[in-house]
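Student: Dropping in model_22.txt, which is compact mmCIF, C-alpha atoms:
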```txt
# COMPACT_ATOMS: atom_id res chain seq x y z
CA ARG A 135 174.28 9.52 42.13
CA ARG A 136 177.60 10.35 43.73
CA ALA A 137 175.93 12.75 46.12
CA ASN A 138 173.37 10.12 47.15
CA THR A 139 176.14 7.55 47.65
CA LEU A 140 178.09 9.90 49.89
CA GLN A 141 175.01 10.71 51.91
CA ASN A 142 174.21 7.03 52.46
CA LYS A 143 177.78 6.04 53.29
CA TRP A 144 178.81 9.04 55.38
CA ARG A 145 175.73 10.64 56.84
CA ASP A 146 177.72 13.20 58.81
CA VAL A 147 179.35 14.62 55.66
CA VAL A 148 177.62 17.64 54.15
CA VAL A 149 177.69 17.55 50.37
CA PRO A 150 177.56 21.10 48.88
CA THR A 151 174.95 21.66 46.22
CA LYS A 152 175.16 24.01 43.26
CA ARG A 153 174.20 27.57 44.06
CA LYS A 154 173.68 30.53 41.72
CA ILE A 155 175.41 33.71 42.77
CA GLY A 156 173.76 37.03 41.94
CA MET A 157 170.36 38.62 42.00
CA GLN A 158 167.63 36.09 41.33
CA VAL A 159 164.03 36.67 40.46
CA ILE A 160 161.77 36.36 43.50
CA GLN A 161 159.24 33.62 42.87
CA PRO A 162 156.35 32.93 45.22
CA PRO A 163 155.99 29.43 46.63
CA PRO A 164 153.67 27.10 44.73
CA VAL A 165 150.05 27.27 45.77
CA LYS A 166 148.11 24.05 46.03
CA LYS A 167 145.07 23.88 43.83
CA ILE A 168 141.82 23.44 45.71
CA ARG A 169 139.12 21.46 43.99
CA ARG A 170 135.83 23.25 43.91
CA THR A 171 132.94 21.39 45.42
CA SER A 172 130.34 24.01 44.58
CA TYR A 173 129.68 25.39 41.12
CA GLU A 174 127.59 28.34 42.17
CA PRO A 175 128.30 31.51 40.20
CA GLN A 176 130.66 33.92 41.96
CA GLU A 177 130.55 37.70 41.89
CA PRO A 178 133.07 39.25 39.51
CA VAL A 179 136.03 41.19 40.90
CA GLN A 180 135.22 44.87 41.18
CA GLN A 181 137.18 47.23 38.96
CA GLU A 182 137.70 50.88 39.70
CA THR A 183 138.48 53.18 36.80
CA PHE A 184 139.94 56.65 37.02
CA ALA A 185 139.68 59.73 34.82
CA ASP A 186 142.14 58.19 32.41
CA GLU A 187 140.82 54.79 31.33
CA SER A 188 144.29 53.65 30.29
CA LEU A 189 145.32 53.56 33.97
CA MET A 190 143.20 50.86 35.58
CA PHE A 191 143.84 49.09 38.85
CA ARG A 192 142.20 45.95 40.19
CA PHE A 193 141.69 45.44 43.91
CA ALA A 194 141.37 41.99 45.45
CA GLU A 195 138.94 41.18 48.26
CA PHE A 196 141.74 40.10 50.60
CA ASP A 197 145.46 40.60 50.96
CA ASN A 198 147.74 37.78 49.88
CA ASP A 199 151.24 37.79 51.34
CA GLU A 200 152.47 35.57 48.52
CA VAL A 201 151.77 38.17 45.81
CA PHE A 202 154.69 40.37 44.76
CA TRP A 203 153.90 43.76 43.20
CA GLN A 204 156.01 45.63 40.69
CA LEU A 205 155.62 49.10 39.19
CA ASN A 206 154.66 48.98 35.51
CA HIS A 207 157.11 51.72 34.46
CA PRO A 208 156.70 51.23 30.66
CA LYS A 209 152.94 51.71 31.00
CA PHE A 210 153.38 54.98 32.90
CA MET A 211 155.88 56.28 30.31
CA PHE A 212 153.51 55.17 27.52
CA VAL A 213 150.61 57.17 28.99
CA PHE A 214 152.69 60.26 29.80
CA ARG A 215 154.28 60.27 26.33
CA ASN A 216 150.88 60.03 24.62
CA ARG A 217 149.54 62.91 26.70
CA ASP A 218 152.46 65.18 25.82
CA ILE A 219 152.24 64.30 22.13
CA GLY A 220 148.49 64.94 22.17
CA SER A 221 148.99 68.35 23.80
CA TYR A 222 151.62 69.24 21.21
CA VAL A 223 149.34 68.24 18.30
CA GLU A 224 146.45 70.20 19.79
CA HIS A 225 148.67 73.26 20.06
CA ARG A 226 149.85 72.90 16.46
CA VAL A 227 146.52 72.03 14.82
CA ASP A 228 143.25 71.71 16.77
CA GLN A 229 141.24 69.53 19.17
CA GLU A 230 139.97 67.12 16.50
CA SER A 231 143.51 66.34 15.33
CA HIS A 232 144.46 65.74 18.94
CA ILE A 233 141.66 63.15 19.25
CA VAL A 234 142.75 61.40 16.04
CA VAL A 235 146.38 61.17 17.14
CA ARG A 236 145.39 60.06 20.64
CA GLU A 237 143.28 57.18 19.33
CA MET A 238 146.05 56.10 16.99
CA LEU A 239 148.60 56.14 19.82
CA ASN A 240 146.35 54.08 22.07
CA LYS A 241 146.38 51.31 19.45
CA TYR A 242 150.19 51.12 19.50
CA PRO A 243 152.04 48.50 21.58
CA ILE A 244 153.58 49.63 24.85
CA GLY A 245 157.01 48.14 24.17
CA GLY A 246 159.26 49.89 21.70
CA HIS A 247 160.48 46.69 20.03
CA GLU A 248 157.22 45.73 18.32
CA VAL A 249 156.15 47.02 14.92
CA ARG A 250 153.69 49.90 15.10
CA PRO A 251 150.51 49.35 13.08
CA THR A 252 149.51 51.69 10.28
CA PHE A 253 145.93 52.84 9.71
CA ALA A 254 144.05 53.62 6.52
CA LEU A 255 141.59 56.47 6.25
CA GLU A 256 138.54 54.24 6.71
CA HIS A 257 140.00 52.59 9.78
CA ILE A 258 140.73 55.94 11.42
CA LEU A 259 137.23 57.17 10.58
CA GLU A 260 135.75 54.00 12.09
CA PHE A 261 137.26 54.33 15.56
CA VAL A 262 136.94 58.13 15.65
CA LYS A 263 133.16 57.88 15.10
CA LYS A 264 132.86 55.72 18.20
CA ILE A 265 133.91 58.65 20.40
CA ASN A 266 130.97 60.56 21.82
CA GLY A 267 130.73 64.21 20.81
CA VAL A 268 133.02 63.91 17.76
CA LYS A 269 131.40 64.47 14.39
CA ILE A 270 133.70 64.58 11.40
CA SER A 271 133.13 63.64 7.78
CA ARG A 272 135.38 61.57 5.58
CA GLU A 273 136.53 64.59 3.59
CA GLY A 274 137.15 66.58 6.75
CA LEU A 275 139.19 63.76 8.25
CA LYS A 276 141.18 63.41 5.02
CA GLN A 277 141.93 67.13 5.09
CA LYS A 278 143.08 66.88 8.72
CA LEU A 279 145.37 63.97 7.92
CA THR A 280 146.85 65.79 4.92
CA GLN A 281 147.51 68.85 7.07
CA MET A 282 149.23 66.76 9.76
CA VAL A 283 151.37 65.04 7.12
CA ALA A 284 152.46 68.47 5.84
CA LEU A 285 153.39 69.46 9.41
CA LYS A 286 155.34 66.18 9.79
CA LEU A 287 153.09 65.00 12.60
CA LEU A 288 152.11 61.93 10.56
CA VAL A 289 153.95 59.92 7.95
CA THR A 290 152.45 57.88 5.14
CA ASP A 291 153.24 54.27 4.35
CA GLY A 292 152.59 53.34 0.71
CA GLY A 293 149.60 54.08 -1.52
CA THR A 294 148.48 57.41 -2.90
CA GLU A 295 146.16 60.15 -1.70
CA THR A 296 143.81 59.54 -4.66
CA SER A 297 143.00 55.94 -3.72
CA SER A 298 139.34 55.04 -3.96
CA VAL A 299 137.14 53.69 -1.18
CA ALA A 300 137.24 50.19 -2.67
CA ASP A 301 141.02 50.26 -2.70
CA ILE A 302 141.06 51.39 0.92
CA LYS A 303 138.77 48.58 2.05
CA SER A 304 140.75 46.00 0.13
CA SER A 305 144.02 47.58 1.41
CA GLY A 306 145.53 47.22 -2.01
CA ARG A 307 147.02 50.62 -2.84
CA ALA A 308 145.54 52.66 -0.02
CA VAL A 309 147.69 55.17 1.79
CA LYS A 310 148.22 54.36 5.46
CA TYR A 311 149.13 56.77 8.22
CA LEU A 312 151.56 56.44 11.10
CA VAL A 313 152.21 58.87 13.96
CA ASN A 314 155.68 60.38 13.65
CA ILE A 315 156.57 59.83 17.31
CA GLU A 316 160.32 60.30 16.93
CA GLY A 317 159.90 63.49 14.89
CA ILE A 318 157.42 65.00 17.35
CA ILE A 319 159.60 64.21 20.38
CA GLU A 320 162.65 65.63 18.58
CA GLU A 321 160.74 68.84 17.84
CA MET A 322 159.57 69.10 21.46
CA LYS A 323 163.17 68.74 22.66
CA LEU A 324 164.33 71.34 20.15
CA GLN A 325 161.68 73.84 21.23
CA HIS A 326 162.66 73.45 24.87
CA ALA A 327 166.37 73.84 24.06
CA GLN A 328 165.56 76.91 21.97
CA SER A 329 163.61 78.44 24.88
CA ILE A 330 166.64 77.98 27.16
CA VAL A 331 168.89 79.62 24.56
CA LYS A 332 166.41 82.48 24.35
CA GLN A 333 166.56 83.01 28.11
CA LYS A 334 170.37 82.99 28.09
CA PHE A 335 171.22 84.82 24.86
CA GLY A 336 168.03 86.63 23.90
CA VAL A 337 165.88 86.44 20.78
CA GLU A 338 168.89 86.82 18.46
CA GLY A 339 170.63 83.84 20.08
CA ALA A 340 167.53 81.66 19.70
CA ARG A 341 167.23 82.68 16.05
CA ILE A 342 170.87 81.80 15.36
CA PHE A 343 170.53 78.48 17.22
CA ARG A 344 167.53 77.38 15.14
CA LEU A 345 169.11 78.62 11.92
CA VAL A 346 172.35 76.70 12.42
CA TYR A 347 170.41 73.60 13.49
CA ASN A 348 168.30 73.64 10.31
CA LYS A 349 171.16 74.44 7.91
CA LYS A 350 173.61 71.96 9.54
CA ARG A 351 176.80 73.94 8.71
CA LEU A 352 177.20 77.65 8.14
CA GLU A 353 180.01 80.18 8.10
CA GLU A 354 179.90 83.23 10.31
CA LYS A 355 179.17 85.52 7.36
CA GLN A 356 176.33 83.29 6.16
CA VAL A 357 174.78 83.27 9.64
CA ALA A 358 174.91 87.07 9.76
CA VAL A 359 173.23 87.40 6.35
CA MET A 360 170.48 84.82 7.03
CA ALA A 361 169.78 86.06 10.56
CA THR A 362 169.84 89.72 9.42
CA LEU A 363 172.27 90.69 12.18
CA GLU A 364 175.59 92.47 12.31
CA LYS A 365 178.66 90.30 12.00
CA ARG A 366 180.15 91.38 15.34
CA ILE A 367 176.90 90.51 17.17
CA VAL A 368 176.77 87.10 15.48
CA ARG A 369 180.40 86.42 16.37
CA GLY A 370 179.83 87.24 20.03
CA LEU A 371 176.68 85.12 20.29
CA LEU A 372 178.29 82.14 18.59
CA GLN A 373 181.31 82.36 20.91
CA ASN A 374 179.09 82.53 23.99
CA MET A 375 176.98 79.58 22.83
CA LEU A 376 180.18 77.65 22.15
CA CYS A 377 181.31 78.21 25.75
CA GLU A 378 177.92 77.02 27.06
CA GLY A 379 177.90 73.92 24.84
CA PHE A 380 175.05 74.96 22.52
CA SER A 381 177.17 75.21 19.34
CA ASN A 382 180.34 73.75 17.82
CA VAL A 383 182.87 75.03 15.30
CA GLN A 384 184.80 73.03 12.73
CA ASP A 385 187.85 74.33 10.87
CA VAL A 386 188.22 73.27 7.23
CA PRO A 387 191.49 74.13 5.39
CA LYS A 388 191.17 75.64 1.93
CA ASP A 389 194.51 74.23 0.74
CA SER A 390 197.24 71.83 1.83
CA SER A 391 199.23 74.51 3.66
CA ARG A 392 196.66 74.56 6.49
CA ASP A 393 197.38 78.20 7.14
CA HIS A 394 195.08 79.64 9.81
CA THR A 395 194.44 82.68 7.63
CA ARG A 396 193.07 80.42 4.89
CA MET A 397 190.60 78.42 6.94
CA MET A 398 186.86 78.06 6.76
CA PHE A 399 185.18 77.96 10.17
CA LEU A 400 181.85 76.15 9.96
CA TRP A 401 179.40 76.47 12.85
CA THR A 402 177.19 73.49 13.73
CA VAL A 403 174.79 72.35 16.46
CA ASN A 404 175.41 68.86 17.84
CA PHE A 405 171.93 68.32 19.26
CA VAL A 406 172.83 65.01 20.94
CA GLU A 407 175.49 66.76 23.02
CA VAL A 408 173.09 69.63 23.71
CA CYS A 409 170.56 67.15 25.13
CA LYS A 410 173.24 65.58 27.34
CA THR A 411 174.22 69.01 28.62
CA LEU A 412 170.62 69.87 29.40
CA MET A 413 170.12 66.53 31.19
CA ASP A 414 173.15 67.20 33.43
CA ARG A 415 171.77 70.62 34.30
CA MET A 416 168.33 69.15 35.02
CA TYR A 417 169.83 66.65 37.45
CA PHE A 418 171.77 69.44 39.14
CA THR A 419 168.66 71.65 39.34
CA TRP A 420 166.51 68.87 40.78
CA VAL A 421 169.04 68.12 43.52
CA ASN A 422 169.30 71.83 44.38
CA LEU A 423 165.51 72.09 44.64
CA ASP A 424 165.37 69.03 46.86
CA ILE A 425 168.05 70.44 49.18
CA ARG A 426 166.29 73.82 49.29
CA CYS A 427 162.98 72.13 50.12
CA GLU A 428 164.62 70.23 52.97
CA ALA A 429 166.23 73.43 54.29
CA GLU A 430 162.90 75.28 54.23
CA TRP A 431 161.27 72.40 56.08
CA GLN A 432 163.88 72.44 58.84
CA ARG A 433 163.05 76.09 59.52
CA VAL A 434 159.40 75.35 60.30
CA GLU A 435 159.64 71.74 61.49
CA GLN A 436 159.48 72.72 65.14
CA LEU A 437 156.51 75.02 64.49
CA HIS A 438 154.75 72.30 62.53
CA ASN A 439 155.15 69.83 65.40
CA MET A 440 153.64 72.37 67.81
CA VAL A 441 150.39 72.51 65.84
CA GLY A 442 147.67 70.65 67.75
CA ARG A 443 149.52 70.75 71.05
CA SER A 444 148.83 72.88 74.06
CA GLY A 445 151.47 75.43 73.04
CA GLN A 446 150.19 78.56 71.36
CA LEU A 447 151.78 79.96 68.20
CA SER A 448 152.58 83.61 67.91
CA GLU A 449 151.56 85.71 64.94
CA ASP A 450 155.08 85.58 63.50
CA ASP A 451 155.13 81.77 63.80
CA LYS A 452 151.74 81.48 62.09
CA THR A 453 152.94 83.76 59.30
CA ALA A 454 156.10 81.70 58.80
CA LEU A 455 154.14 78.44 58.76
CA THR A 456 151.57 79.81 56.30
CA TRP A 457 154.32 81.12 54.03
CA TRP A 458 155.98 77.70 53.99
CA LYS A 459 152.72 75.89 53.17
CA ASP A 460 151.40 78.26 50.53
CA LYS A 461 154.57 79.46 48.84
CA ALA A 462 157.85 77.76 49.67
CA ASN A 463 156.77 74.11 49.73
CA LEU A 464 154.20 74.44 46.93
CA ARG A 465 156.51 76.33 44.57
CA LEU A 466 159.48 74.09 45.20
CA ARG A 467 157.45 70.90 44.70
CA ASP A 468 155.89 72.25 41.52
CA ALA A 469 159.34 73.16 40.20
CA MET A 470 160.61 69.65 40.99
CA LEU A 471 157.65 68.13 39.12
CA ASN A 472 158.30 70.35 36.09
CA VAL A 473 161.97 69.36 36.02
CA SER A 474 161.00 65.68 36.36
CA GLY A 475 158.65 66.03 33.39
CA LEU A 476 161.42 67.51 31.27
CA MET A 477 163.75 64.71 32.33
CA CYS A 478 161.16 62.20 31.09
CA LEU A 479 161.01 64.04 27.76
CA PHE A 480 164.78 63.99 27.23
CA ARG A 481 165.47 60.53 28.71
CA ASP A 482 162.50 58.16 28.80
CA TYR A 483 160.33 58.99 25.78
CA ALA A 484 160.98 56.92 22.67
```
Is it possible to express this structure as structure tokens?
Tutor:
Amino acid sequence: RRANTLQNKWRDVVVPTKRKIGMQVIQPPPVKKIRRTSYEPQEPVQQETFADESLMFRFAEFDNDEVFWQLNHPKFMFVFRNRDIGSYVEHRVDQESHIVVREMLNKYPIGGHEVRPTFALEHILEFVKKINGVKISREGLKQKLTQMVALKLLVTDGGTETSSVADIKSSGRAVKYLVNIEGIIEEMKLQHAQSIVKQKFGVEGARIFRLVYNKKRLEEKQVAVMATLEKRIVRGLLQNMLCEGFSNVQDVPKDSSRDHTRMMFLWTVNFVEVCKTLMDRMYFTWVNLDIRCEAEWQRVEQLHNMVGRSGQLSEDDKTALTWWKDKANLRLRDAMLNVSGLMCLFRDYA
């Protein structure tokens, strides 16, 4: 009311209005609704599906400047995570187990805040039978599920393995299965970290790394006995892994004197810190590959621009251009994609 009074009394005075400072959500202008005068049936919008049915895009008949597009990043991460988990299950068990886990993952919500549904044996058998080319009996499926539970690929939620068919249909005491997503991703990270330790410190270093990770805390003598290695070799490997950030040591006094000669030194693996160290190195590697790719391109950029012009290329120029296309650019780009996939594993999967 005061603003209206000021505007009516002093028309030359500009009254400031409230304004939000910061990034605001872009909203398209309102579109006026047009009343339809004809009720003739219209053709449905065409949909184009790709090899993976979970990625589906819809194309409109005309471009609308008032439509704002945004990348559905959670959907991409959802699909990539399911593919990697399916490949891991297929490597551990077989193709049929991969299909079972894939169908269970497709029923899960995309967001990580919603509760994941659990499935009974009959429910899993019902949607697996709908897949063409898959023939599996109830007993065979039950055996597969039991095997995956033993491998910690699945977890059970209530019930018992001896529940009858009637109990399963009534969902009274039936055992229900859930994909152990966190456990599988943790194991995939551990295997990759172990492979890096193997490249740096050899087979003995990878064995010690996995042993200390599984046992949580071990003394140097215990590591040597369990890994069947000499004590001096174990000491050197543990010291080297400590310098690289793959192991930690904790000193525990045996008495109140805290004498260094009466100390227990327990070796541990802080896997959270190991993952952070690997992520930093992945970022560094990706940037190096990108810089190397740009440097290789600058060498042949002038030759590449000459292609299609009147100028003729010599044999040496053709060889350099072919080497860049077939080896340098292809290998560097593939390496960047591999590093990006590992970064998704350690950062985006959940």
Student: Within 12 Å of range 381-397 of chain A, counting only C-alpha atoms, which residues show up once you throw out same-chain ones fewer than 2 positions away? Write them as an NGL selection string, please.
Tutor: :A and (327 or 331 or 339-340 or 342-347 or 350-354 or 369 or 371-379 or 399-409 or 411)
Student: If we count all atoms listed in the file and set the cut-off at 12 Å, which residues sit around Arg341 in chain A, ignoring sequence neighbours fewer than 6 positions away in its own chain? Please answer as a list of chain:residue names.
Tutor: A:Gln325, A:Ala327, A:Gln328, A:Ser329, A:Val331, A:Lys332, A:Phe335, A:Tyr347, A:Asn348, A:Val357, A:Ala358, A:Met360, A:Ala361, A:Thr362, A:Leu363, A:Val368, A:Leu371, A:Leu372
Student: Do you have the CA of Arg272 in chain A-CA of Pro251 in chain A distance handy?
Tutor: 20.8 Å
Student: Using all atoms listed in the file, pick whichever of A:Ile367, A:Met238, A:Val268, A:Met282 has the shortest atom-to-atom distance to Glu224 in chain A.
Tutor: A:Met282
Student: I need the residue nearest Phe210 in chain A from this list: A:Glu364, A:Asp482, A:Asp468, A:Asp291. Use all atoms listed in the file for the distance.
Tutor: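 Among A:Glu364, A:Asp482, A:Asp468, A:Asp291, it is A:Asp482 that comes nearest to Phe210 in chain A.
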Student: Identify, on the basis of only C-alpha atoms, every residue whose closest approach to range 419-436 of chain A does not exceed 9 Å; exclude the query and any residue fewer than 5 positions from it along the same chain; express the result as an MDAnalysis selection string.
Tutor: chainID A and resid 414 451 454:455 458 462:463 466:467 469:470 473:474
Student: Kindly save the residues from that selection, with C-alpha atoms included, as a compact mmCIF listing (two decimals), in the frame of the given file.
Tutor:
```txt
# COMPACT_ATOMS: atom_id res chain seq x y z
CA ASP A 414 173.15 67.20 33.43
CA ASP A 451 155.13 81.77 63.80
CA ALA A 454 156.10 81.70 58.80
CA LEU A 455 154.14 78.44 58.76
CA TRP A 458 155.98 77.70 53.99
CA ALA A 462 157.85 77.76 49.67
CA ASN A 463 156.77 74.11 49.73
CA LEU A 466 159.48 74.09 45.20
CA ARG A 467 157.45 70.90 44.70
CA ALA A 469 159.34 73.16 40.20
CA MET A 470 160.61 69.65 40.99
CA VAL A 473 161.97 69.36 36.02
CA SER A 474 161.00 65.68 36.36
```
Student: Put the listed atoms of range 365-378 of chain A in a box along x, y and z with 3 Å added on every side and give me the centre and edge lengths in Å to one decimal, as AutoDock Vina command-line options.
Tutor:
```
--center_x 179.0 --center_y 84.2 --center_z 19.5 --size_x 10.6 --size_y 20.4 --size_z 21.1
```
Student: Quick check, in Å to one decimal: how far apart do CA of Val249 in chain A and CA of Gly274 in chain A lie?
Tutor: 28.5 Å
Student: Which residues are near Glu260 in chain A? Cut-off 12 Å, all atoms listed in the file, ignore same chain within fewer than 6 positions. Put them as a PyMOL selection string.
Tutor: chain A and resi 234+237-238+253-254+268-272+275+303
Student: Go ahead and save the picked residues with C-alpha atoms, as a compact mmCIF listing (two decimals), in the frame of the given file.
Tutor:
```txt
# COMPACT_ATOMS: atom_id res chain seq x y z
CA VAL A 234 142.75 61.40 16.04
CA GLU A 237 143.28 57.18 19.33
CA MET A 238 146.05 56.10 16.99
CA PHE A 253 145.93 52.84 9.71
CA ALA A 254 144.05 53.62 6.52
CA VAL A 268 133.02 63.91 17.76
CA LYS A 269 131.40 64.47 14.39
CA ILE A 270 133.70 64.58 11.40
CA SER A 271 133.13 63.64 7.78
CA ARG A 272 135.38 61.57 5.58
CA LEU A 275 139.19 63.76 8.25
CA LYS A 303 138.77 48.58 2.05
```
